$ cat work-v3.txt   # compact mmCIF, C-alpha atoms
# COMPACT_ATOMS: atom_id res chain seq x y z
CA MET A 986 0.00 0.00 0.00
CA LYS A 987 2.83 2.38 0.91
CA LYS A 988 4.49 1.61 -2.46
CA ILE A 989 1.30 2.50 -4.34
CA ILE A 990 0.99 5.80 -2.45
CA LEU A 991 4.67 6.59 -3.16
CA ILE A 992 4.19 5.80 -6.87
CA ILE A 993 1.11 8.07 -7.00
CA ILE A 994 2.98 10.89 -5.23
CA LEU A 995 5.96 10.51 -7.59
CA ALA A 996 3.65 10.47 -10.61
CA VAL A 997 1.94 13.67 -9.43
CA ILE A 998 5.33 15.35 -8.87
CA ILE A 999 6.59 14.30 -12.33
CA ILE A 1000 3.37 15.47 -14.00
CA GLY A 1001 3.68 18.78 -12.13
CA ILE A 1002 7.30 19.26 -13.25
CA VAL A 1003 6.47 18.39 -16.88
CA PHE A 1004 3.48 20.80 -16.84
CA PHE A 1005 5.60 23.57 -15.32
CA PHE A 1006 8.37 23.31 -17.95
CA THR A 1007 5.91 22.87 -20.81
CA SER A 1008 4.03 26.01 -19.80
CA LYS A 1009 7.32 27.90 -19.43
CA MET A 1010 8.45 26.77 -22.90
CA THR A 1011 5.12 27.84 -24.40
CA GLU A 1012 5.37 31.19 -22.63
CA ASN A 1013 8.92 31.73 -23.97
CA THR A 1014 7.83 30.73 -27.48
CA ILE A 1015 5.03 33.29 -27.40
CA LYS A 1016 7.37 36.00 -26.07
CA SER A 1017 10.05 35.35 -28.70
CA GLU A 1018 7.61 35.30 -31.63
CA ASN A 1019 8.69 37.83 -34.25
CA PRO A 1020 6.31 40.66 -35.21
CA GLN A 1021 4.19 40.07 -38.30
CA VAL A 1022 2.92 42.81 -40.60
CA LYS A 1023 0.27 42.48 -43.29
CA LEU A 1024 0.45 44.77 -46.32
CA THR A 1025 -2.85 44.86 -48.17
CA THR A 1026 -2.20 45.99 -51.73
CA THR A 1027 -4.34 46.44 -54.82
CA LYS A 1028 -2.77 43.18 -56.08
CA GLY A 1029 -3.33 41.17 -52.88
CA GLU A 1030 -1.90 40.61 -49.41
CA ILE A 1031 1.75 40.30 -48.36
CA ILE A 1032 2.67 39.00 -44.89
CA LEU A 1033 6.05 40.00 -43.48
CA GLU A 1034 7.96 38.52 -40.55
CA LEU A 1035 10.29 41.07 -38.91
CA TYR A 1036 13.55 40.40 -37.06
CA PRO A 1037 13.90 42.78 -34.09
CA GLU A 1038 16.76 40.76 -32.60
CA GLN A 1039 19.01 41.41 -35.62
CA ALA A 1040 17.69 44.85 -36.61
CA PRO A 1041 16.04 46.48 -33.55
CA ILE A 1042 16.23 50.11 -34.73
CA THR A 1043 15.00 49.30 -38.24
CA VAL A 1044 12.11 47.10 -37.05
CA GLU A 1045 10.98 49.70 -34.51
CA ASN A 1046 11.12 52.41 -37.18
CA PHE A 1047 9.09 50.32 -39.67
CA LEU A 1048 6.51 49.32 -37.03
CA ASN A 1049 6.05 52.97 -35.98
CA TYR A 1050 5.20 53.92 -39.58
CA VAL A 1051 2.82 50.94 -39.81
CA LYS A 1052 1.04 51.76 -36.53
CA GLU A 1053 0.62 55.41 -37.53
CA GLY A 1054 -1.00 54.45 -40.84
CA ALA A 1055 1.81 56.17 -42.76
CA TYR A 1056 1.94 53.47 -45.46
CA GLU A 1057 -1.75 53.59 -46.32
CA ASN A 1058 -2.41 54.86 -49.84
CA THR A 1059 1.26 54.86 -50.77
CA VAL A 1060 2.47 53.21 -53.96
CA PHE A 1061 5.21 50.91 -55.11
CA HIS A 1062 6.91 53.68 -57.05
CA ARG A 1063 10.05 51.82 -58.17
CA VAL A 1064 9.66 48.37 -59.69
CA ILE A 1065 12.60 46.72 -61.46
CA LYS A 1066 12.32 43.17 -62.84
CA ASP A 1067 14.86 40.68 -61.46
CA PHE A 1068 15.82 43.15 -58.74
CA MET A 1069 13.21 44.51 -56.31
CA ILE A 1070 9.98 46.43 -55.66
CA GLN A 1071 10.22 49.64 -53.62
CA GLY A 1072 7.49 51.54 -51.83
CA GLY A 1073 6.34 53.35 -48.73
CA GLY A 1074 7.32 56.90 -49.60
CA PHE A 1075 5.02 58.34 -52.28
CA THR A 1076 1.35 58.86 -53.05
CA THR A 1077 -0.11 58.27 -56.53
CA ASN A 1078 0.46 61.91 -57.58
CA GLY A 1079 4.17 61.73 -56.70
CA ASN A 1080 3.95 63.63 -53.43
CA GLN A 1081 6.53 62.42 -50.95
CA LYS A 1082 5.16 61.44 -47.54
CA GLN A 1083 6.40 63.21 -44.43
CA THR A 1084 9.05 61.20 -42.63
CA LYS A 1085 10.61 60.86 -39.21
CA PRO A 1086 14.34 61.52 -38.75
CA PRO A 1087 16.67 59.07 -40.55
CA ILE A 1088 17.81 55.97 -38.68
CA LYS A 1089 21.18 54.30 -38.11
CA LEU A 1090 22.09 51.74 -40.76
CA GLU A 1091 21.91 48.16 -39.42
CA SER A 1092 23.18 46.32 -42.50
CA ASN A 1093 25.96 44.48 -40.64
CA ASN A 1094 23.48 42.22 -38.82
CA GLY A 1095 24.05 38.86 -40.50
CA LEU A 1096 20.91 39.09 -42.67
CA LYS A 1097 21.38 39.02 -46.44
CA ASN A 1098 19.47 40.60 -49.34
CA GLU A 1099 18.04 37.28 -50.48
CA LEU A 1100 14.88 36.52 -52.46
CA GLY A 1101 11.83 37.64 -50.47
CA THR A 1102 13.65 39.67 -47.84
CA ILE A 1103 12.62 43.23 -46.96
CA ALA A 1104 15.22 45.97 -46.49
CA MET A 1105 15.27 49.72 -45.99
CA ALA A 1106 15.89 52.01 -48.94
CA ARG A 1107 18.30 54.89 -48.42
CA THR A 1108 20.33 57.52 -50.25
CA ASN A 1109 24.11 57.31 -50.79
CA VAL A 1110 24.46 58.39 -47.15
CA PRO A 1111 24.51 55.19 -45.04
CA ASP A 1112 22.42 56.51 -42.11
CA SER A 1113 19.65 58.03 -44.24
CA ALA A 1114 16.78 55.47 -44.28
CA THR A 1115 13.37 56.82 -43.28
CA ASN A 1116 10.09 55.28 -44.50
CA GLN A 1117 10.90 53.68 -47.86
CA PHE A 1118 11.53 49.94 -48.06
CA PHE A 1119 12.07 47.36 -50.77
CA ILE A 1120 11.42 43.65 -51.20
CA ASN A 1121 14.15 41.72 -53.00
CA THR A 1122 12.81 39.69 -55.93
CA LYS A 1123 16.09 37.80 -56.35
CA GLU A 1124 19.30 37.31 -54.41
CA ASN A 1125 21.03 40.71 -54.49
CA THR A 1126 24.42 39.99 -52.95
CA PHE A 1127 25.83 43.36 -54.04
CA LEU A 1128 23.42 45.03 -51.57
CA ASN A 1129 24.88 43.13 -48.59
CA TYR A 1130 27.21 44.68 -46.05
CA ALA A 1131 30.90 44.14 -46.80
CA PRO A 1132 34.16 45.98 -46.08
CA ARG A 1133 33.95 49.27 -48.02
CA ASN A 1134 30.28 48.59 -48.82
CA PRO A 1135 27.79 49.80 -46.18
CA GLY A 1136 25.03 47.75 -47.82
CA TYR A 1137 21.29 47.84 -47.15
CA ALA A 1138 19.67 46.75 -43.89
CA VAL A 1139 17.53 43.62 -44.17
CA PHE A 1140 15.02 43.46 -41.33
CA GLY A 1141 12.49 40.80 -42.31
CA LYS A 1142 11.12 38.53 -45.01
CA VAL A 1143 7.94 37.70 -46.89
CA THR A 1144 6.29 34.63 -45.34
CA GLN A 1145 3.08 34.75 -47.42
CA GLY A 1146 2.23 36.54 -50.67
CA MET A 1147 5.45 36.11 -52.62
CA ASP A 1148 3.17 35.49 -55.62
CA ILE A 1149 1.78 39.01 -55.06
CA VAL A 1150 5.33 40.41 -54.91
CA LYS A 1151 6.07 38.70 -58.23
CA GLN A 1152 2.87 40.13 -59.76
CA ILE A 1153 3.96 43.64 -58.70
CA GLU A 1154 7.46 42.97 -60.08
CA ALA A 1155 5.89 42.04 -63.43
CA SER A 1156 4.15 45.43 -63.73
CA GLN A 1157 4.79 47.43 -66.87
CA THR A 1158 6.65 50.59 -65.87
CA THR A 1159 7.16 54.09 -67.25
CA VAL A 1160 8.54 57.49 -66.26
CA LYS A 1161 5.91 59.03 -64.01
CA ASN A 1162 6.11 62.00 -61.65
CA GLN A 1163 9.62 62.50 -63.09
CA MET A 1164 10.69 59.07 -61.77
CA PRO A 1165 11.65 56.04 -63.86
CA ASP A 1166 10.44 52.48 -63.11
CA TRP A 1167 7.01 53.66 -61.87
CA PRO A 1168 4.24 51.13 -62.70
CA VAL A 1169 1.89 52.28 -65.47
CA GLU A 1170 -1.01 51.03 -63.33
CA ASP A 1171 -0.45 52.24 -59.75
CA VAL A 1172 -0.02 49.49 -57.17
CA LEU A 1173 -1.18 50.86 -53.83
CA ILE A 1174 -0.70 49.76 -50.26
CA THR A 1175 -4.26 50.28 -49.03
CA LYS A 1176 -3.55 49.11 -45.49
CA ALA A 1177 -0.58 48.10 -43.34
CA GLU A 1178 -1.24 46.46 -39.99
CA VAL A 1179 0.57 44.57 -37.25
CA LEU A 1180 -0.90 41.08 -36.81
$ encode --input "work-v3.txt" --output "structure tokens"
Amino acid sequence: MKKIILIIILAVIIIGIVFFFTSKMTENTIKSENPQVKLTTTKGEIILELYPEQAPITVENFLNYVKEGAYENTVFHRVIKDFMIQGGGFTTNGNQKQTKPPIKLESNNGLKNELGTIAMARTNVPDSATNQFFINTKENTFLNYAPRNPGYAVFGKVTQGMDIVKQIEASQTTVKNQMPDWPVEDVLITKAEVL
């Protein structure tokens, strides 16, 4: 009888320990989940997974623009086949959206400009990225950080909707609002939201 009671007590203790560690693991998994952003475009939806561990400044900057609705009714204004699609900074009439101050370049973070990754656009000045971003439509190794090449900061990737990205990439382009590579038929971001 004593053995049975001991076995029951041990079983309860083991179950308790297993439950405790399982719940802790689940809690940690939830906490470490990367932010997800959905871009609703006139071609369809694109889901992005962001990497705050590797690019904390860039991810925070992008999420702030998303949360403020700054990307709504902006266009993909620069679309180049076998390269990338760029958006986030202009309205259909070519007006540039108001931006926050530029951020520090986080290109030396181990992430590469591979197919389906999202990175910040910038000028020739390394620390000049504001609201514009681009999605790589092929592996663009020349955009990666290297000695004497500041590169472009990757901060996430497309997890759903790469077919939509490819549709946008296939858009016929023209010179519009004094800018080359602008799609003949505007492709708008109608909504950007954190999931």
$ atom_distance --input "work-v3.txt" --atom1 "atom CA of A:Trp1167" --atom2 "atom CA of A:Lys1082"
16.4 Å
$ closest_residue --input "work-v3.txt" --among "A:Gln1071, A:Asn1109, A:Asn1080, A:Asn1019" --to "A:Glu1038" --atoms "only C-alpha atoms"
A:Asn1019
$ closest_residue --input "work-v3.txt" --among "A:Thr1144, A:Asn1094, A:Thr1025, A:Thr1159" --to "A:Tyr1056" --atoms "all atoms listed in the file"
A:Thr1025
$ closest_residue --input "work-v3.txt" --among "A:Leu1096, A:Ala1104, A:Ile1088, A:Val1060" --to "A:Thr1027" --atoms "only C-alpha atoms"
A:Val1060
$ residues_near_point --input "work-v3.txt" --point "(3.8, 59.1, -62.4)" --cutoff "9 Å" --atoms "all atoms listed in the file" --output "ChimeraX atom specification"
/A:1062,1077-1079,1159-1165,1167-1169,1171
$ atom_distance --input "work-v3.txt" --atom1 "atom CA of A:Leu1180" --atom2 "atom CA of A:Pro1041"
18.1 Å
